[in-house]
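Colleague: Before we start, here is the structure in question, set down as structure tokens.
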Amino acid sequence: MSAFAKDLEATIPALRRYARALTRDAEIADDLVQDTLVRALRSQHLFHGGDVRSWLYTILTNLNRNRLRSLARRPALSPLGDADAPQMAGPEAGGRDIERALAALVEDQRSALLLVVLEGLSYREVAEVQGVPIGTVMSRLARARADQILSRRRAPRAPSREMNEGRSQ
Amino acid sequence: MMDRESPVTEDELHAFVDGELPADRQAAVEAWLAAHPEDAARVSTWRAQSESIKARYAGIALEPVPARLELARLRRLERRWTRAAAAAVIAAFLIGGLLGWFGREMVEGGSVLGKTLTTDAIDAHKLYVVEVRHPVEVPGAEAAHLVQWLSKRLGYDLRAPDLAAIGLKLVGGRLLPGPSGAAGFLMYEGPSGERFTLYSARWDAPETALRYRDAGQIAAFYWVDSNRAYVMSGPADRDRLRMIAQSAYDQLETRGPGKGSS
């Protein structure tokens, strides 16, 4: 139990990061993390070994899906605030682009992309979190990346760097 | 042995970017990318996307975890709820003497006031007592103006209790968002720099006596009087805090003599 608590505690910063990228709203993100932690504490007895981290990502992903569903039932209440914008220093402009690109994605694609790219989960772990086969994760990832390209059409190209990366050993 | 020119799938390109490609396909994919600039460009774009997502959000995980997400605190809340629920179940079966006792526990633990308002007050306390240069908006030297301003915004007469008799001087105060409109926030300081804060907001609830809430290092006594809630927060020394809260309570009580500085 104390190991459980320790794992839980150690995951909070990562959960906040994931939730923020998922919702792009500091307040909603921390609400989600809080709900996730409360739920985890409450159903601690249901957890029999395994990876606490994946389990927490699963709870948070599901809670956010529920949140969006209930939001969709309510008319015109779009939380588009960017509470932490003033903290952004250098990559401010890029950060905004990324937020817009993420906002444009379908929820399951956004979650798959963020779990892989930002949270460093393996495809197999993401499949577990999302409760789908790996093939589905792959196609969500591919769609997310393709859509992001569309939304970032105007980004400057750097052919020489691309070639270098392509060849890197 | 893998054919270096065997066609590379789209999935493999993603796996390459995400470090999920099996080692025995690494060379094949690299050779493919060298020969297919369009795929190399896609891979490079995906990498850039990944990098900008990380650049935008990685910092969030380095921020200190906000107080409301502290595990110890959530667990305490959880336990209190469980206890309150258990008490409610037992109380349903045990009528009589026991009922009163469990009932009291339930009301104190589960009361909305105990949870939300004191949480706001204690959070504000934690946030502002550590401020050295700007702990308050209006300094204690301008107490009359401060009290007048806060009262106007709160919509009721907020007095700043005089706690000099127990060694506390008024540092000043500020206006905060409250549960329904504004909240007033007064800060006091003791001889060795320890700070106590009094938080007050309109709160439509029945009158209560002093109640204690422990939040780790910080504790609070809170009460409701004439639809105004007060929360006195400070270092978790229960006896001292009770004495300070009691003194404020006596001075703020609406039917009392009102020795406040207004």
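All residue names refer to the structure tokens as shown: chains lettered A, B, ... in order, residues numbered from 1 in each chain, ligands numbered from 1 in order.
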Only residues of chain B matter here; which ones have an atom within 8 Å of chain A, counting only C-alpha atoms? Give them as JSON, numbers by chain.
Modeller: {"B": [11, 14, 18, 20, 30, 31, 33, 34, 37, 40, 41, 43, 44, 45, 46, 49, 50, 52, 53, 54, 55, 56, 57, 58, 59, 60, 61, 62, 63, 65, 68, 69, 71, 74, 75, 78]}
Colleague: Please produce an output containing C-alpha atoms for each residue in the selection, written as a PDB file, in the first residue's frame.
Modeller:
```pdb
ATOM      1  CA  ASP B  11       3.617   1.642 -39.249  1.00  0.00           C
ATOM      2  CA  HIS B  14       6.032   5.639 -36.963  1.00  0.00           C
ATOM      3  CA  ASP B  18       8.910   6.563 -31.611  1.00  0.00           C
ATOM      4  CA  GLU B  20       9.580   1.172 -31.200  1.00  0.00           C
ATOM      5  CA  GLU B  30      17.269   3.920 -42.590  1.00  0.00           C
ATOM      6  CA  ALA B  31      18.228   2.708 -46.043  1.00  0.00           C
ATOM      7  CA  LEU B  33      14.583   6.767 -45.928  1.00  0.00           C
ATOM      8  CA  ALA B  34      17.854   7.566 -47.663  1.00  0.00           C
ATOM      9  CA  PRO B  37      13.180  11.663 -49.623  1.00  0.00           C
ATOM     10  CA  ALA B  40      12.305  11.071 -44.971  1.00  0.00           C
ATOM     11  CA  ALA B  41      10.566  14.437 -44.992  1.00  0.00           C
ATOM     12  CA  VAL B  43       9.566  11.312 -40.642  1.00  0.00           C
ATOM     13  CA  SER B  44      11.369  14.550 -40.051  1.00  0.00           C
ATOM     14  CA  THR B  45       8.081  16.462 -39.749  1.00  0.00           C
ATOM     15  CA  TRP B  46       6.744  13.929 -37.241  1.00  0.00           C
ATOM     16  CA  GLN B  49       5.918  17.705 -34.111  1.00  0.00           C
ATOM     17  CA  SER B  50       6.993  15.508 -31.240  1.00  0.00           C
ATOM     18  CA  SER B  52       7.270  20.934 -30.244  1.00  0.00           C
ATOM     19  CA  ILE B  53       4.710  19.036 -28.185  1.00  0.00           C
ATOM     20  CA  LYS B  54       7.420  18.229 -25.669  1.00  0.00           C
ATOM     21  CA  ALA B  55       8.744  21.781 -25.730  1.00  0.00           C
ATOM     22  CA  ARG B  56       5.259  23.103 -25.029  1.00  0.00           C
ATOM     23  CA  TYR B  57       4.244  20.741 -22.225  1.00  0.00           C
ATOM     24  CA  ALA B  58       7.304  19.097 -20.668  1.00  0.00           C
ATOM     25  CA  GLY B  59       7.673  21.987 -18.232  1.00  0.00           C
ATOM     26  CA  ILE B  60       4.308  21.236 -16.596  1.00  0.00           C
ATOM     27  CA  ALA B  61       5.777  18.133 -14.980  1.00  0.00           C
ATOM     28  CA  LEU B  62       8.525  20.227 -13.419  1.00  0.00           C
ATOM     29  CA  GLU B  63       6.120  22.623 -11.696  1.00  0.00           C
ATOM     30  CA  VAL B  65       2.369  20.037  -7.479  1.00  0.00           C
ATOM     31  CA  ARG B  68      -5.006  20.559  -3.788  1.00  0.00           C
ATOM     32  CA  LEU B  69      -3.376  17.576  -5.497  1.00  0.00           C
ATOM     33  CA  LEU B  71      -1.955  12.910  -1.835  1.00  0.00           C
ATOM     34  CA  LEU B  74      -6.831  13.906  -0.801  1.00  0.00           C
ATOM     35  CA  ARG B  75      -6.543  10.828   1.329  1.00  0.00           C
ATOM     36  CA  GLU B  78     -11.369  10.523   1.296  1.00  0.00           C
TER      37      GLU B  78
END
```
Colleague: Would you list the contacts of Gly49 of chain A as a PyMOL selection string, taking every protein, DNA or RNA residue within 12 Å and counting only C-alpha atoms, but skipping same-chain residues closer than 6 positions in sequence?
Modeller: chain A and resi 1+3-4+7+55
Colleague: Go through segment 5-60 of chain B and collect every residue that DSSP, computed from the backbone, puts in alpha helix (DSSP H); the answer should be as a PyMOL selection string.
Modeller: chain B and resi 10-17+23-35+37-57
Colleague: I need the residues from that last selection saved to file as a PDB file, in the first residue's frame (with C-alpha atoms), if you can.
Modeller:
```pdb
ATOM      1  CA  GLU B  10       3.837   3.280 -42.683  1.00  0.00           C
ATOM      2  CA  ASP B  11       3.617   1.642 -39.249  1.00  0.00           C
ATOM      3  CA  GLU B  12       7.339   1.048 -39.356  1.00  0.00           C
ATOM      4  CA  LEU B  13       7.999   4.693 -40.078  1.00  0.00           C
ATOM      5  CA  HIS B  14       6.032   5.639 -36.963  1.00  0.00           C
ATOM      6  CA  ALA B  15       7.786   2.977 -34.950  1.00  0.00           C
ATOM      7  CA  PHE B  16      11.102   4.368 -36.198  1.00  0.00           C
ATOM      8  CA  VAL B  17      10.206   7.845 -34.946  1.00  0.00           C
ATOM      9  CA  ALA B  23      16.541  -3.602 -33.914  1.00  0.00           C
ATOM     10  CA  ASP B  24      16.660  -5.901 -36.945  1.00  0.00           C
ATOM     11  CA  ARG B  25      14.593  -3.457 -39.024  1.00  0.00           C
ATOM     12  CA  GLN B  26      16.538  -0.359 -38.093  1.00  0.00           C
ATOM     13  CA  ALA B  27      19.029  -0.590 -40.974  1.00  0.00           C
ATOM     14  CA  ALA B  28      16.329  -1.400 -43.512  1.00  0.00           C
ATOM     15  CA  VAL B  29      14.254   1.651 -42.547  1.00  0.00           C
ATOM     16  CA  GLU B  30      17.269   3.920 -42.590  1.00  0.00           C
ATOM     17  CA  ALA B  31      18.228   2.708 -46.043  1.00  0.00           C
ATOM     18  CA  TRP B  32      14.640   3.204 -47.193  1.00  0.00           C
ATOM     19  CA  LEU B  33      14.583   6.767 -45.928  1.00  0.00           C
ATOM     20  CA  ALA B  34      17.854   7.566 -47.663  1.00  0.00           C
ATOM     21  CA  ALA B  35      16.328   6.396 -50.924  1.00  0.00           C
ATOM     22  CA  PRO B  37      13.180  11.663 -49.623  1.00  0.00           C
ATOM     23  CA  GLU B  38       9.416  12.092 -49.334  1.00  0.00           C
ATOM     24  CA  ASP B  39       9.196   9.572 -46.529  1.00  0.00           C
ATOM     25  CA  ALA B  40      12.305  11.071 -44.971  1.00  0.00           C
ATOM     26  CA  ALA B  41      10.566  14.437 -44.992  1.00  0.00           C
ATOM     27  CA  ARG B  42       7.473  12.979 -43.314  1.00  0.00           C
ATOM     28  CA  VAL B  43       9.566  11.312 -40.642  1.00  0.00           C
ATOM     29  CA  SER B  44      11.369  14.550 -40.051  1.00  0.00           C
ATOM     30  CA  THR B  45       8.081  16.462 -39.749  1.00  0.00           C
ATOM     31  CA  TRP B  46       6.744  13.929 -37.241  1.00  0.00           C
ATOM     32  CA  ARG B  47       9.909  14.326 -35.214  1.00  0.00           C
ATOM     33  CA  ALA B  48       9.533  18.097 -35.264  1.00  0.00           C
ATOM     34  CA  GLN B  49       5.918  17.705 -34.111  1.00  0.00           C
ATOM     35  CA  SER B  50       6.993  15.508 -31.240  1.00  0.00           C
ATOM     36  CA  GLU B  51       9.648  17.986 -30.268  1.00  0.00           C
ATOM     37  CA  SER B  52       7.270  20.934 -30.244  1.00  0.00           C
ATOM     38  CA  ILE B  53       4.710  19.036 -28.185  1.00  0.00           C
ATOM     39  CA  LYS B  54       7.420  18.229 -25.669  1.00  0.00           C
ATOM     40  CA  ALA B  55       8.744  21.781 -25.730  1.00  0.00           C
ATOM     41  CA  ARG B  56       5.259  23.103 -25.029  1.00  0.00           C
ATOM     42  CA  TYR B  57       4.244  20.741 -22.225  1.00  0.00           C
TER      43      TYR B  57
END
```
Colleague: May I ask for the distance between atom CA of Val137 of chain A and atom CA of Leu105 of chain A, given in Å to one decimal place?
Modeller: 14.4 Å
Colleague: Nearest residue to Ala103 of chain A out of A:Ala40, A:Val129, A:Ala144, A:Ala29, using only C-alpha atoms?
Modeller: A:Ala144
Colleague: What does the distance from atom CA of Leu198 of chain B to atom CA of Phe185 of chain B come to in Å, to one decimal?
Modeller: 5.7 Å
Colleague: So, counting only C-alpha atoms, which residue among A:Leu115, A:Ala10, A:Ser70, A:Gln109 is closest to Thr136 of chain A?
Modeller: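 Of the candidates, the smallest distance to Thr136 of chain A is held by A:Gln109.
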